[in-house]
>>> print(open('data_21.cif').read())   # mmCIF, C-alpha atoms
data_protein
#
loop_
_atom_site.label_atom_id
_atom_site.label_comp_id
_atom_site.auth_asym_id
_atom_site.auth_seq_id
_atom_site.Cartn_x
_atom_site.Cartn_y
_atom_site.Cartn_z
CA MET Z 22 0.00 0.00 0.00
CA LEU Z 23 1.25 3.44 -0.93
CA ASN Z 24 0.70 6.49 1.23
CA ILE Z 25 0.15 9.19 -1.40
CA GLY Z 26 0.35 12.86 -0.52
CA ILE Z 27 -2.12 14.80 -2.67
CA PHE Z 28 -1.72 18.52 -3.28
CA CYS Z 29 -4.61 20.19 -5.10
CA SER Z 30 -7.10 23.02 -5.21
CA ALA Z 31 -9.91 23.57 -2.75
CA SER Z 32 -11.76 25.67 -5.34
CA GLY Z 33 -15.25 24.59 -6.28
CA ASP Z 34 -15.31 26.78 -9.39
CA LEU Z 35 -12.96 25.04 -11.85
CA ALA Z 36 -13.44 23.69 -15.36
CA PRO Z 37 -15.01 20.20 -15.33
CA ILE Z 38 -11.84 18.51 -16.66
CA TYR Z 39 -10.06 19.04 -13.33
CA TYR Z 40 -12.77 17.28 -11.31
CA GLU Z 41 -13.03 14.50 -13.90
CA GLU Z 42 -9.30 13.78 -13.73
CA ALA Z 43 -9.31 13.96 -9.92
CA ARG Z 44 -12.14 11.38 -9.87
CA ARG Z 45 -10.27 9.12 -12.31
CA LEU Z 46 -7.07 9.27 -10.27
CA GLY Z 47 -9.02 8.73 -7.05
CA LYS Z 48 -10.66 5.68 -8.59
CA TRP Z 49 -7.28 4.13 -9.46
CA ILE Z 50 -5.91 4.90 -6.00
CA GLY Z 51 -9.00 3.39 -4.34
CA GLU Z 52 -9.05 0.28 -6.52
CA HIS Z 53 -5.43 -0.39 -5.52
CA HIS Z 54 -6.28 0.15 -1.84
CA HIS Z 55 -3.82 2.98 -1.36
CA LEU Z 56 -4.22 5.77 1.17
CA ILE Z 57 -4.11 9.49 0.50
CA TYR Z 58 -3.02 12.30 2.78
CA TYR Z 59 -4.57 15.54 1.59
CA GLY Z 60 -5.60 18.99 2.79
CA GLY Z 61 -8.78 17.66 4.39
CA THR Z 62 -11.25 20.36 3.36
CA HIS Z 63 -14.78 19.69 2.15
CA GLN Z 64 -14.23 21.71 -1.03
CA GLY Z 65 -12.96 21.48 -4.59
CA LEU Z 66 -10.57 18.88 -5.91
CA MET Z 67 -9.72 17.86 -2.34
CA GLU Z 68 -13.25 16.65 -1.64
CA THR Z 69 -13.62 15.14 -5.13
CA MET Z 70 -10.42 13.15 -4.68
CA ALA Z 71 -11.31 11.91 -1.17
CA GLN Z 72 -14.79 10.80 -2.23
CA SER Z 73 -13.48 8.92 -5.26
CA VAL Z 74 -10.67 7.20 -3.34
CA GLN Z 75 -13.12 5.98 -0.69
CA GLU Z 76 -15.81 4.97 -3.16
CA TYR Z 77 -13.37 2.55 -4.79
CA GLY Z 78 -11.85 1.04 -1.63
CA GLY Z 79 -9.03 3.35 -0.54
CA SER Z 80 -8.63 5.57 2.50
CA ALA Z 81 -8.42 9.37 2.83
CA VAL Z 82 -6.77 11.14 5.76
CA GLY Z 83 -7.05 14.91 5.91
CA ILE Z 84 -4.36 17.06 7.48
CA MET Z 85 -5.30 20.63 8.34
CA PRO Z 86 -4.26 23.40 10.70
CA GLN Z 87 -6.35 24.12 13.79
CA PHE Z 88 -7.66 27.46 12.49
CA MET Z 89 -9.11 25.80 9.37
CA TYR Z 90 -10.61 23.02 11.46
CA ASP Z 91 -12.14 25.57 13.84
CA ASN Z 92 -13.67 27.42 10.86
CA GLY Z 93 -15.64 24.33 9.82
CA LEU Z 94 -13.61 23.44 6.73
CA ALA Z 95 -12.97 19.79 7.67
CA SER Z 96 -14.41 17.19 5.34
CA ALA Z 97 -16.91 14.71 6.74
CA THR Z 98 -15.70 12.37 4.00
CA ALA Z 99 -12.23 11.84 5.48
CA ASP Z 100 -11.54 8.64 7.39
CA GLN Z 101 -9.55 10.74 9.81
CA ILE Z 102 -8.56 14.40 10.24
CA ILE Z 103 -5.15 15.16 11.71
CA VAL Z 104 -5.11 18.67 13.15
CA THR Z 105 -1.82 20.58 13.15
CA HIS Z 106 -0.72 23.79 14.83
CA ASP Z 107 -0.19 25.70 11.56
CA MET Z 108 0.37 25.40 7.78
CA VAL Z 109 4.09 24.62 8.13
CA GLU Z 110 3.40 21.72 10.47
CA ARG Z 111 0.72 20.54 8.04
CA LYS Z 112 3.23 20.42 5.16
CA ASN Z 113 5.83 18.69 7.29
CA LYS Z 114 3.32 16.12 8.54
CA MET Z 115 2.30 15.34 4.94
CA MET Z 116 5.97 14.99 4.02
CA GLU Z 117 6.58 12.66 6.95
CA LEU Z 118 3.61 10.36 6.31
CA SER Z 119 3.60 10.18 2.50
CA ASP Z 120 5.69 7.82 0.37
CA VAL Z 121 5.14 9.82 -2.83
CA PHE Z 122 3.34 13.03 -3.81
CA VAL Z 123 0.98 13.95 -6.62
CA ALA Z 124 0.32 17.63 -7.28
CA LEU Z 125 -2.85 18.25 -9.24
CA PRO Z 126 -3.59 21.81 -10.38
CA GLY Z 127 -4.02 24.33 -7.60
CA GLY Z 128 -3.30 27.87 -6.53
CA PHE Z 129 -0.86 29.46 -4.10
CA GLY Z 130 -1.35 26.84 -1.37
CA THR Z 131 -0.67 24.00 -3.78
CA TRP Z 132 2.36 25.81 -5.22
CA ASP Z 133 3.68 26.32 -1.71
CA GLU Z 134 3.34 22.59 -1.00
CA ILE Z 135 5.06 21.69 -4.28
CA PHE Z 136 8.04 23.94 -3.66
CA HIS Z 137 8.28 22.93 0.00
CA VAL Z 138 8.58 19.25 -0.94
CA ILE Z 139 11.04 19.95 -3.78
CA ALA Z 140 13.24 22.23 -1.67
CA CYS Z 141 13.27 19.86 1.31
CA GLY Z 142 14.26 17.00 -0.99
CA GLN Z 143 16.96 19.13 -2.58
CA VAL Z 144 18.68 19.70 0.78
CA GLY Z 145 18.38 16.03 1.76
CA TYR Z 146 15.41 16.08 4.12
CA HIS Z 147 13.76 13.26 2.15
CA ASP Z 148 14.16 11.28 -1.07
CA LYS Z 149 10.53 11.07 -2.16
CA LYS Z 150 9.16 11.58 -5.65
CA LEU Z 151 6.79 14.41 -6.52
CA ILE Z 152 4.62 13.85 -9.59
CA LEU Z 153 3.40 17.08 -11.14
CA PHE Z 154 0.12 16.11 -12.84
CA ASN Z 155 -0.12 18.68 -15.62
CA ILE Z 156 -3.86 18.36 -16.32
CA ASN Z 157 -5.00 20.55 -19.20
CA ASN Z 158 -1.42 21.93 -19.52
CA TYR Z 159 -1.94 23.84 -16.27
CA TYR Z 160 1.70 23.54 -15.17
CA ASP Z 161 3.35 24.28 -18.53
CA HIS Z 162 4.67 27.64 -17.34
CA LEU Z 163 5.98 26.20 -14.08
CA VAL Z 164 7.83 23.46 -15.96
CA ALA Z 165 9.22 26.09 -18.37
CA GLN Z 166 10.38 28.19 -15.41
CA ALA Z 167 12.17 25.17 -13.94
CA GLU Z 168 13.89 24.66 -17.31
CA GLU Z 169 15.01 28.29 -17.22
CA ALA Z 170 16.45 27.74 -13.74
CA TYR Z 171 18.43 24.72 -15.00
CA ASN Z 172 19.56 26.50 -18.17
CA GLN Z 173 20.79 29.57 -16.30
CA ARG Z 174 22.41 27.44 -13.58
CA PHE Z 175 20.24 28.70 -10.72
CA THR Z 176 19.41 25.05 -10.06
CA PRO Z 177 21.81 22.19 -10.87
CA ASN Z 178 20.64 19.65 -13.46
CA ALA Z 179 21.11 16.98 -10.78
CA TYR Z 180 17.91 18.27 -9.14
CA ARG Z 181 15.75 17.38 -12.14
CA CYS Z 182 14.91 14.19 -10.22
CA ARG Z 183 13.11 16.21 -7.52
CA PHE Z 184 9.87 16.25 -9.54
CA THR Z 185 8.43 14.51 -12.59
CA PRO Z 186 5.92 16.35 -14.79
CA VAL Z 187 3.30 14.13 -16.45
CA ASN Z 188 0.57 15.15 -18.88
CA THR Z 189 -1.69 12.10 -18.87
CA MET Z 190 -3.43 9.84 -16.37
CA HIS Z 191 -1.53 6.88 -17.86
CA ASP Z 192 1.82 8.52 -17.10
CA CYS Z 193 0.73 9.59 -13.62
CA ILE Z 194 -0.29 6.02 -12.79
CA LYS Z 195 2.95 4.68 -14.27
CA GLN Z 196 4.94 6.94 -11.92
CA LEU Z 197 2.85 5.82 -8.94
CA GLU Z 198 3.44 2.18 -9.88
CA LEU Z 199 7.19 2.85 -10.00
CA ALA Z 200 7.00 4.45 -6.55
CA ASP Z 201 5.11 1.41 -5.25
CA ILE Z 202 7.72 -0.98 -6.67
CA SER Z 203 10.51 1.13 -5.20
CA LYS Z 204 8.83 1.25 -1.76
CA ASN Z 205 8.29 -2.51 -1.69
CA SER Z 206 11.64 -3.62 -3.10
CA VAL Z 207 13.78 -5.65 -0.73
CA PRO Z 208 17.49 -4.79 -0.65
CA LEU Z 209 19.65 -7.63 -1.93
CA ASP Z 210 21.91 -9.31 0.60
CA ASP Z 211 25.59 -8.80 -0.25
CA GLU Z 212 26.48 -12.32 0.78
#
>>> encode(input="data_21.cif", output="structure tokens")
Amino acid sequence: MLNIGIFCSASGDLAPIYYEEARRLGKWIGEHHHLIYYGGTHQGLMETMAQSVQEYGGSAVGIMPQFMYDNGLASATADQIIVTHDMVERKNKMMELSDVFVALPGGFGTWDEIFHVIACGQVGYHDKKLILFNINNYYDHLVAQAEEAYNQRFTPNAYRCRFTPVNTMHDCIKQLELADISKNSVPLDDE
């Protein structure tokens, strides 16, 4: 079983394609009995993903700061809500508990989570994969900006492994399957 950290929008006013793809990914995750850690709100792609994962046999654990919980934003769909002190603790808790991350389209909060995971991996805090699910070409400019950082030597090419952009559900699932194989591989004995 994979513990998949999901970063995505809480907006309920997006083009239908984003909800459709979130449902499709949630279905695959649920059918394979994986668990997601996500923002835990009852809105937008977060709620769509949690509902789909659970409908098809997976589990959904929300992680949210106390002030969001106190403001009634917690999803009733979640199997569990973990309440943190603040947003930084929320990101760190997701990093700690997840084996791999998938970033669906989102706004500033999602971008913050993406860059937090990439930067923490870059300095050696973890060695976990982040899959940037570029639904409807949403992340094209972000990927282009990363290329500019590599080309102008602001970021070493060695850090290309910190995230993997994918444009299709097939490629997203393929990356998750690779993460699952990697998590479950047994080191060979040297003897």
>>> closest_residue(input="data_21.cif", among="Z:Leu118, Z:Ala97, Z:Cys141, Z:Ile27", to="Phe154 of chain Z", atoms="only C-alpha atoms")
Z:Ile27
>>> residues_around(input="data_21.cif", residues="Ile84 of chain Z", least_positions_apart="6", cutoff="6 Å", atoms="only C-alpha atoms", output="JSON, numbers by chain")
{"Z": [60, 61, 102, 103, 104]}
>>> resolve_selection(input="data_21.cif", expression="the PyMOL selection byres ((chain Z and resi 42) around 10)", output="number ranges by chain")
Z: 37-41, 43-48, 66, 69-70, 125, 154, 156-157, 189-190
>>> atom_distance(input="data_21.cif", atom1="atom CA of Val164 of chain Z", atom2="atom CA of Ile57 of chain Z")
24.7 Å
>>> atom_distance(input="data_21.cif", atom1="atom CA of Thr62 of chain Z", atom2="atom CA of Gly127 of chain Z")
13.7 Å
>>> atom_distance(input="data_21.cif", atom1="atom CA of Thr98 of chain Z", atom2="atom CA of Glu76 of chain Z")
10.3 Å
>>> closest_residue(input="data_21.cif", among="Z:Val144, Z:Lys149, Z:Glu68, Z:Asp161", to="Lys204 of chain Z", atoms="all atoms listed in the file")
Z:Lys149
>>> residues_around(input="data_21.cif", residues="Tyr77 of chain Z", least_positions_apart="6", cutoff="10 Å", atoms="only C-alpha atoms", output="PyMOL selection string")
chain Z and resi 47-54
>>> residues_near_point(input="data_21.cif", point="(0.8, 25.1, -6.4)", cutoff="12 Å", atoms="only C-alpha atoms", output="ChimeraX atom specification")
/Z:27-31,123-139,153-155,159-160,162-164
>>> resolve_selection(input="data_21.cif", expression="the PyMOL selection byres ((chain Z and resi 122) around 6)", output="compact mmCIF listing (two decimals) with C-alpha atoms, keeping the file's coordinate frame")
# COMPACT_ATOMS: atom_id res chain seq x y z
CA ILE Z 25 0.15 9.19 -1.40
CA GLY Z 26 0.35 12.86 -0.52
CA ILE Z 27 -2.12 14.80 -2.67
CA VAL Z 121 5.14 9.82 -2.83
CA VAL Z 123 0.98 13.95 -6.62
CA LEU Z 151 6.79 14.41 -6.52
CA ILE Z 152 4.62 13.85 -9.59
>>> resolve_selection(input="data_21.cif", expression="the PyMOL selection byres ((chain Z and resi 105) around 9)", output="number ranges by chain")
Z: 84-87, 103-104, 106-111, 114
>>> closest_residue(input="data_21.cif", among="Z:Asn24, Z:Ser96, Z:Gln143, Z:Ser119", to="Thr176 of chain Z", atoms="all atoms listed in the file")
Z:Gln143
>>> closest_residue(input="data_21.cif", among="Z:Thr185, Z:Gln101, Z:Gln64, Z:Ser203", to="Val82 of chain Z", atoms="all atoms listed in the file")
Z:Gln101
>>> axis_aligned_box(input="data_21.cif", around="segment 104-115 of chain Z", padding_each_side="8 Å", output="AutoDock Vina command-line options")
--center_x 0.4 --center_y 20.5 --center_z 9.9 --size_x 26.9 --size_y 26.4 --size_z 25.9
